[in-house]
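Some notes on the structure that comes next.
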Amino acid sequence: MTVDFPLIERRLIKKRFLNLIRKSTLIYFGLPEYAVYLASIPVGLYLPLVYSKDFGLSLTEVGLILMLARISDVITDPLIGALSDRTRGPFGRRKPCIAAGTALMMISAFQLFNPEALNQLPLSRWYLLFWAVLLWLGWTMVNIPYYAWGAELSDDYNERTSITGWRQAFGFLGNVSVLFIPVLAGQITGYGSLPREGLTIIGSFALVALPVLVTITLLKVKERNAYPHPRANPLVHLKGMLKNGSFMLLFVAFMLMSLGTGWGSATFMLFATYVVKAEAWTQLILLGYFGANILALPFWLLLANRLGKKNTWLIGGILFVVVTPSFLAVGPGDLGTFFLCLAFYGIAGGSFGALSMSMKADVIEIAARRSQENIAGAYIAVWSLGQKLVAALALGLALPALELFGFDPSRVNDQAALDALAYIYVVPPWIFYTIGVITMLRYPVNSARLNKLKLAFKRKDARKEISRTASASSSAD
């Protein structure tokens with residue numbers, strides 16, 4: 001009996017390249033991102049202003065507490081990543097952790113965003129620390145296996161961008177809801193227009209949205225076991241990550257951009273309230289930013305398919321660098337200018353999350369094929385840990401810096417303090433964005449290189465399978 005090696009090899013390679021996902025599956029898979037954004041974005045957006053202005057804590061306390069809450073993830077993130085990769089059972093390796101994290105996150109979000117419902121004011125610093133730690137633990141239990149799951153859904157370079165694009169679109173809708181729902185409630189009922197009221201409404205809404213949307217995804221989307229369970233020690237995988245130049249370049253560039261956006265989120269409400277004098281309008285104005293995110297996202301995804309992910313990422317990053325200094329031109333009452341700056345900022349931000357996640361999935365696939373183990377959870381854990389640490393660093397540095405330069409939201413501030421607030425809001429993010437763009441220039445992975453590597457790996461796998469087939473045929477003869 002003769003074996004047609006080239007024919008078998010071509011069929012095996014073709015079979016492994018085909019993994020197209022239906023649009024309904026993309027939609028179902030993206031749903032949890034809406035609820036996760038709904039329950040996490042208010043931490044940086046609302047909490048610094050509300051807890052310092054309305055709940056009796058200082059800016060320095062709020063900043064340091066929120067930073068400490070995220071530092072606890074140094075232990076939990078790698079642990080959840082390793083457990084997610086190694087979980088075995090009838091419900092899959094990713095789904096059990098996501099379900100448990102959802103329950104913890106919904107309770108913590110309600111307690112943080114709606115503290116007056118079950119507690120007495122003023123709130124203590126320990127209250128904020130306790131529930132912030134539990135919120136981020138729940139976030140970790142959801143996000144790490146969820147993003148690892150997403151990285152495994154497809155082996156196709158462009159299809160990965162569709163997966164992350166749909167997921168990011170639901171995230172942007174969550175951002176919009178964080179602002180739109182309170183604004184709409186304020187227009188209808190007279191309650192919701194102020195940040196403190198908006199925080200309460202979002203806390204109640206997250207209590208419902210998290211379990212409903214996550215449950216739909218868990219029931220409708222199947223996991224794909226692309227690689228065997230890990231056998232090596234997690235420290236071996238960590239060592240491999242540190243030596244993975246493509247991953248480290250992408251990681252550093254993404255963290256610098258995240259540091260810039262986190263810094264801006266931590267100080268935005270203060271800038272809008274005290275420099276622009278637009279406290280009652282901030283939620284409505286921010287809708288322009290998040291609306292631009294949503295409208296620009298399809299354009300960025302189309303551009304990525306034409307120019308490649310790296311080039312499109314760089315265009316968005318350069319737009320961040322160009323637009324950020326324009327906020328220094330905004331003064332008291334300049335609502336139109338403020339709205340316009342945020343809209344352009346939103347256009348730039350439309351590319352950042354989806355493309356970074358898609359590029360991360362490319363790098364993870366290369367690493368998984370080399371190791372022949374499912375290590376997506378380990379990579380996502382390191383990525384998630386870095387993301388939360390830079391967000392914590394932004395809060396822990398930006399808010400104390402404001403007090404250091406004389407700004408205090410509990411009293412009347414002079415012009416020098418307001419100028420300090422404006423420069424602290426603009427200059428550090430601009431520096432982070434600039435360094436991030438420069439770092440990304442060295443990122444080497446593109447469609448041609450990825451497909452070349454995949455083809456080499458798949459030929460190697462095909463030859464192994466051909467050898468097994470030949471051996472079995474020889475034994476049969």
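Each chain of the structure tokens is named A, B, ... in the order shown, its residues numbered from 1; ligands are numbered from 1 in display order.
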
If you take only C-alpha atoms and a cut-off of 12 Å, which residues of stretch 354-385 of chain A touch stretch 310-323 of chain A, and what are their nearest atom pairs and distances in Å to one decimal, in chain and number order, as a tab-separated table?
```
residue	atom	partner	partner_atom	distance
A:Ala354	CA	A:Trp313	CA	9.6
A:Leu355	CA	A:Trp313	CA	6.6
A:Ser356	CA	A:Trp313	CA	7.7
A:Met357	CA	A:Trp313	CA	11.1
A:Ser358	CA	A:Lys310	CA	10.5
A:Met359	CA	A:Lys310	CA	8.1
A:Lys360	CA	A:Lys310	CA	11.4
A:Asp362	CA	A:Lys310	CA	11.8
```

Near-stretch 130-136 of chain A list (12 Å; only C-alpha atoms; drop same-chain fewer than 4 positions) as a VMD selection string: chain A and resid 36 39 to 44 47 62 to 74 76 to 77 101 to 115 123 to 126 140 to 144 384 to 385 387 to 389 391 to 392

Residue nearest A:Leu218 among A:Arg167, A:Lys95, A:Arg411, A:Arg306 (counting only C-alpha atoms): A:Lys95

Residues at most 10 Å from A:Val276, counting only C-alpha atoms, excluding those fewer than 6 positions away in the same chain, as a short mmCIF file (atom, residue, chain, number, x, y, z; two decimals) with C-alpha atoms, in the first residue's frame?
```cif
data_model
loop_
_atom_site.label_atom_id
_atom_site.label_comp_id
_atom_site.auth_asym_id
_atom_site.auth_seq_id
_atom_site.Cartn_x
_atom_site.Cartn_y
_atom_site.Cartn_z
CA MET A 269 -13.65 64.08 36.04
CA LEU A 270 -11.54 66.49 38.07
CA THR A 282 -19.36 65.58 31.87
CA VAL A 330 -9.79 74.19 26.77
CA GLY A 331 -10.89 76.74 29.38
CA PRO A 332 -13.87 77.38 31.65
CA GLY A 333 -17.13 76.95 29.75
CA ASP A 334 -15.51 75.77 26.50
CA LEU A 335 -17.92 72.87 26.17
CA PHE A 338 -13.92 70.09 24.99
CA LEU A 418 -6.11 74.66 38.37
CA ALA A 422 -4.58 70.85 33.56
#
```

Contact residues around A:Asn244 with only C-alpha atoms at 12 Å, ignoring same-chain residues under 5 positions, as a PyMOL selection string: chain A and resi 237-239+249-251+360+363-364+366-368+370+379+443-445

Would you write out those residues with N, CA and C atoms, as a compact mmCIF listing (two decimals), in the first residue's frame?
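Below is the file that was written, out.txt:
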```
# COMPACT_ATOMS: atom_id res chain seq x y z
N HIS A 237 6.98 28.63 31.54
CA HIS A 237 6.24 29.47 30.60
C HIS A 237 6.58 30.94 30.80
N LEU A 238 6.73 31.36 32.07
CA LEU A 238 7.09 32.75 32.34
C LEU A 238 8.45 33.08 31.75
N LYS A 239 9.39 32.17 31.89
CA LYS A 239 10.72 32.38 31.32
C LYS A 239 10.64 32.50 29.80
N LEU A 249 7.68 43.37 23.20
CA LEU A 249 7.52 44.68 22.55
C LEU A 249 6.06 45.10 22.55
N LEU A 250 5.17 44.17 22.20
CA LEU A 250 3.74 44.46 22.21
C LEU A 250 3.26 44.78 23.62
N PHE A 251 3.74 44.01 24.58
CA PHE A 251 3.37 44.19 25.98
C PHE A 251 3.77 45.58 26.49
N LYS A 360 -1.95 40.31 20.16
CA LYS A 360 -1.57 39.44 21.27
C LYS A 360 -1.92 37.99 20.95
N VAL A 363 0.69 36.44 18.69
CA VAL A 363 1.92 36.08 19.39
C VAL A 363 1.72 34.84 20.24
N ILE A 364 0.54 34.74 20.88
CA ILE A 364 0.24 33.58 21.71
C ILE A 364 0.20 32.31 20.85
N ILE A 366 1.88 31.64 18.12
CA ILE A 366 3.25 31.24 17.80
C ILE A 366 3.89 30.54 18.99
N ALA A 367 3.70 31.11 20.19
CA ALA A 367 4.29 30.51 21.39
C ALA A 367 3.68 29.15 21.68
N ALA A 368 2.36 29.02 21.49
CA ALA A 368 1.68 27.74 21.76
C ALA A 368 2.13 26.66 20.77
N ARG A 370 5.00 26.49 19.29
CA ARG A 370 6.38 26.10 19.62
C ARG A 370 6.43 25.16 20.81
N TYR A 379 -0.20 33.57 29.31
CA TYR A 379 0.12 34.82 28.64
C TYR A 379 -0.90 35.91 28.99
N TYR A 443 8.09 46.22 16.49
CA TYR A 443 7.29 44.99 16.53
C TYR A 443 7.35 44.28 15.18
N PRO A 444 7.72 42.98 15.12
CA PRO A 444 8.04 42.34 13.84
C PRO A 444 6.93 41.51 13.20
N VAL A 445 5.86 41.16 13.93
CA VAL A 445 4.90 40.18 13.42
C VAL A 445 3.88 40.84 12.50
```

Sel. of alpha helix (DSSP H) residues, stretch 109-287 of chain A, as a VMD selection string: chain A and resid 109 to 113 125 to 152 157 to 189 195 to 220 234 to 243 245 to 270 282 to 287

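Excluding A:Ala448 and any residue on its chain fewer than 4 positions from it, the residues at most 12 Å away by only C-alpha atoms are Asp156, Tyr157, Asn158, Gly308, Lys309, Asp362, Pro444, Lys452, Leu453, Lys454 and Leu455 of chain A.
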
File of the preceding selection, C-alpha atoms, as a compact mmCIF listing (two decimals), in the first residue's frame:
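And here is the file that came out, again-v4.txt:
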```txt
# COMPACT_ATOMS: atom_id res chain seq x y z
CA ASP A 156 -6.75 33.02 11.18
CA TYR A 157 -4.83 36.35 11.23
CA ASN A 158 -7.74 38.54 10.08
CA GLY A 308 -1.86 45.38 8.60
CA LYS A 309 -2.40 45.53 12.34
CA ASP A 362 -1.06 36.15 17.05
CA PRO A 444 8.04 42.34 13.84
CA LYS A 452 5.06 31.57 7.11
CA LEU A 453 5.63 30.43 10.69
CA LYS A 454 2.24 28.69 10.85
CA LEU A 455 2.92 26.89 7.61
```

Residue among A:Gln168, A:Thr217, A:Ser447, A:Ser193 lying closest to A:Ala296, counting only C-alpha atoms: A:Gln168

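Each of A:Gly165, A:Leu57, A:Arg88, A:Ala35 was compared to A:Lys23 using only C-alpha atoms, and A:Gly165 turns out to be the nearest.
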
Between atom CA of A:Ala169 and atom CA of A:Ala361 - distance in Å to one decimal: 17.6 Å

Got a sec: who's within 12 Å of A:Leu184, counting only C-alpha atoms, leaving out chain neighbours fewer than 5 positions off, as a JSON list (two decimals) with C-alpha atoms, in the first residue's frame?
```json
[["chain", "number", "residue", "atom", "x", "y", "z"],
["A", 176, "VAL", "CA", -21.46, 54.48, 26.50],
["A", 177, "SER", "CA", -23.96, 52.89, 28.88],
["A", 178, "VAL", "CA", -21.91, 53.97, 31.89],
["A", 179, "LEU", "CA", -22.68, 57.54, 30.80],
["A", 189, "THR", "CA", -36.49, 61.31, 36.57],
["A", 190, "GLY", "CA", -34.18, 64.18, 37.55],
["A", 191, "TYR", "CA", -31.76, 61.71, 39.19],
["A", 192, "GLY", "CA", -28.59, 60.58, 37.45],
["A", 193, "SER", "CA", -26.94, 63.64, 35.90],
["A", 194, "LEU", "CA", -24.35, 64.12, 38.67],
["A", 197, "GLU", "CA", -25.98, 59.66, 41.13],
["A", 198, "GLY", "CA", -24.63, 58.05, 37.97],
["A", 201, "ILE", "CA", -27.39, 53.78, 38.86],
["A", 283, "GLN", "CA", -21.39, 62.44, 31.29],
["A", 284, "LEU", "CA", -23.05, 63.88, 28.19],
["A", 287, "LEU", "CA", -20.71, 60.24, 25.24]]
```

Residue among A:Arg449, A:Lys220, A:Arg94, A:Arg86 lying closest to A:Tyr28, counting only C-alpha atoms: A:Lys220

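The space between atom CA of A:Leu342 and atom CA of A:Tyr433 spans 16.0 Å.
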
Selected residue of minimal separation from A:Ala253 among A:Ile188, A:Ile435, A:Ile21, A:Leu26, counting only C-alpha atoms: A:Ile435

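In terms of minimum interatomic distance to A:Gly288, A:Phe172 ranks closest within A:Phe172, A:Asp414, A:Ala206, A:Ala381, counting only C-alpha atoms.
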
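In this model, the gap between atom CA of A:Pro195 and atom CA of A:Phe254 comes to 29.0 Å.
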